[in-house]
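Below is one structure, written out as structure tokens; comments come after it.
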Amino acid sequence: MPTATFPINALEVARMANDAGLPCTPYSTNLSMVTLFTKYYLKALPDEGNNLEFSIVAASPYPWQEELFNENTHKTDAGHVAIGDLPGWGATINPRWLDGATCLVTTVCQR
């Protein structure tokens, strides 16, 4: 989902949906930063619709998403997406999660 043109394309789709009187429901596959970013995108829409898809699967395929954040970043308030008051994206990565994470580095070969 995240690409250089994603915000522009997504806002255009949301505008078209709004013009047609249709809700805009972004798709998020798991409870990671993608869902956090999508929540802010949804709140920026003129007609945020009625739904934010938190996850399409149980935790079992994505055990790494458990305890990823120090805060509950996916809470709602009276059925509406809640935006926290922490700086930045409103979440901090759990240091215990980072300590247990595997670090992979990809490099580009120069020829």
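How things are named: the first chain in the structure tokens is A, the next is B, and so on; residues count from 1 in each chain; ligands count from 1 in the order shown.
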Open item on the list: I need the alpha helix (DSSP H) residues of chain A per DSSP on the backbone, written as a ChimeraX atom specification.
Closed with: /A:6-19,33-44,95-100
Can you spit out the residues from that selection as a compact mmCIF listing (two decimals), in the first residue's frame, using N, CA and C atoms?
# COMPACT_ATOMS: atom_id res chain seq x y z
N PHE A 6 0.76 7.01 -3.10
CA PHE A 6 -0.40 6.54 -2.33
C PHE A 6 -1.25 7.68 -1.78
N PRO A 7 -0.66 8.67 -1.09
CA PRO A 7 -1.54 9.69 -0.52
C PRO A 7 -2.37 10.43 -1.57
N ILE A 8 -1.76 10.73 -2.70
CA ILE A 8 -2.48 11.45 -3.76
C ILE A 8 -3.58 10.58 -4.34
N ASN A 9 -3.26 9.33 -4.69
CA ASN A 9 -4.26 8.42 -5.25
C ASN A 9 -5.38 8.14 -4.26
N ALA A 10 -5.03 7.91 -3.01
CA ALA A 10 -6.04 7.59 -2.00
C ALA A 10 -6.97 8.78 -1.77
N LEU A 11 -6.43 9.98 -1.73
CA LEU A 11 -7.27 11.16 -1.55
C LEU A 11 -8.19 11.37 -2.75
N GLU A 12 -7.71 11.05 -3.94
CA GLU A 12 -8.54 11.17 -5.14
C GLU A 12 -9.69 10.17 -5.10
N VAL A 13 -9.41 8.95 -4.70
CA VAL A 13 -10.46 7.92 -4.57
C VAL A 13 -11.47 8.36 -3.51
N ALA A 14 -10.98 8.87 -2.38
CA ALA A 14 -11.87 9.33 -1.32
C ALA A 14 -12.74 10.49 -1.81
N ARG A 15 -12.18 11.39 -2.60
CA ARG A 15 -12.95 12.51 -3.15
C ARG A 15 -14.04 11.99 -4.08
N MET A 16 -13.69 11.03 -4.94
CA MET A 16 -14.68 10.46 -5.86
C MET A 16 -15.81 9.77 -5.08
N ALA A 17 -15.45 9.04 -4.02
CA ALA A 17 -16.46 8.37 -3.20
C ALA A 17 -17.37 9.41 -2.54
N ASN A 18 -16.76 10.45 -2.01
CA ASN A 18 -17.54 11.51 -1.37
C ASN A 18 -18.49 12.17 -2.36
N ASP A 19 -18.00 12.47 -3.57
CA ASP A 19 -18.83 13.08 -4.61
C ASP A 19 -20.01 12.19 -4.99
N MET A 33 1.94 -0.20 12.00
CA MET A 33 1.98 1.21 11.64
C MET A 33 1.04 1.50 10.47
N VAL A 34 0.82 0.52 9.60
CA VAL A 34 -0.07 0.74 8.46
C VAL A 34 -1.46 1.15 8.94
N THR A 35 -1.98 0.45 9.93
CA THR A 35 -3.29 0.80 10.47
C THR A 35 -3.25 2.16 11.16
N LEU A 36 -2.17 2.44 11.85
CA LEU A 36 -2.01 3.74 12.50
C LEU A 36 -2.02 4.87 11.46
N PHE A 37 -1.26 4.72 10.38
CA PHE A 37 -1.24 5.72 9.31
C PHE A 37 -2.62 5.86 8.67
N THR A 38 -3.28 4.72 8.46
CA THR A 38 -4.60 4.72 7.83
C THR A 38 -5.62 5.47 8.69
N LYS A 39 -5.48 5.35 10.00
CA LYS A 39 -6.38 6.05 10.92
C LYS A 39 -6.26 7.56 10.73
N TYR A 40 -5.06 8.06 10.61
CA TYR A 40 -4.86 9.50 10.40
C TYR A 40 -5.36 9.92 9.02
N TYR A 41 -5.14 9.09 8.03
CA TYR A 41 -5.66 9.37 6.68
C TYR A 41 -7.18 9.48 6.73
N LEU A 42 -7.82 8.53 7.40
CA LEU A 42 -9.27 8.51 7.48
C LEU A 42 -9.80 9.77 8.16
N LYS A 43 -9.15 10.19 9.24
CA LYS A 43 -9.59 11.39 9.96
C LYS A 43 -9.40 12.65 9.12
N ALA A 44 -8.54 12.61 8.13
CA ALA A 44 -8.30 13.78 7.28
C ALA A 44 -9.34 13.94 6.18
N PRO A 95 9.92 -0.91 23.70
CA PRO A 95 11.33 -1.32 23.68
C PRO A 95 11.52 -2.83 23.81
N ARG A 96 10.65 -3.51 24.56
CA ARG A 96 10.75 -4.98 24.67
C ARG A 96 10.50 -5.63 23.32
N TRP A 97 9.58 -5.05 22.54
CA TRP A 97 9.31 -5.56 21.20
C TRP A 97 10.56 -5.39 20.33
N LEU A 98 11.17 -4.23 20.39
CA LEU A 98 12.39 -3.98 19.61
C LEU A 98 13.52 -4.91 20.01
N ASP A 99 13.67 -5.16 21.32
CA ASP A 99 14.73 -6.06 21.79
C ASP A 99 14.57 -7.46 21.22
N GLY A 100 13.35 -7.91 21.01
CA GLY A 100 13.10 -9.25 20.49
C GLY A 100 12.99 -9.33 18.98
- [ ] Run DSSP on the backbone and give me the residues of chain A it puts in strand (DSSP E or B), as a ChimeraX atom specification.
- [x] /A:69,76-77,80-81,93
So that I have them on file, write out the residues from the current selection with N, CA and C atoms, as a compact mmCIF listing (two decimals), in the first residue's frame.
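Contents of the output file selection_30.txt:
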# COMPACT_ATOMS: atom_id res chain seq x y z
N PHE A 69 3.19 -1.60 20.26
CA PHE A 69 3.18 -0.23 20.78
C PHE A 69 3.04 -0.22 22.29
N THR A 76 -11.22 3.32 20.21
CA THR A 76 -12.26 4.17 19.63
C THR A 76 -12.93 4.95 20.75
N ASP A 77 -13.62 6.01 20.38
CA ASP A 77 -14.35 6.83 21.33
C ASP A 77 -15.76 7.01 20.80
N HIS A 80 -16.03 6.17 17.24
CA HIS A 80 -15.21 6.95 16.31
C HIS A 80 -13.74 6.68 16.56
N VAL A 81 -12.94 6.79 15.52
CA VAL A 81 -11.51 6.62 15.64
C VAL A 81 -10.97 7.67 16.61
N ILE A 93 7.03 2.83 20.01
CA ILE A 93 7.31 1.40 19.87
C ILE A 93 7.78 0.86 21.23
- [ ] Could you please determine the separation between atom CA of Pro23 of chain A and atom CA of Asn51 of chain A in Å, to one decimal place?
- [x] 8.4 Å
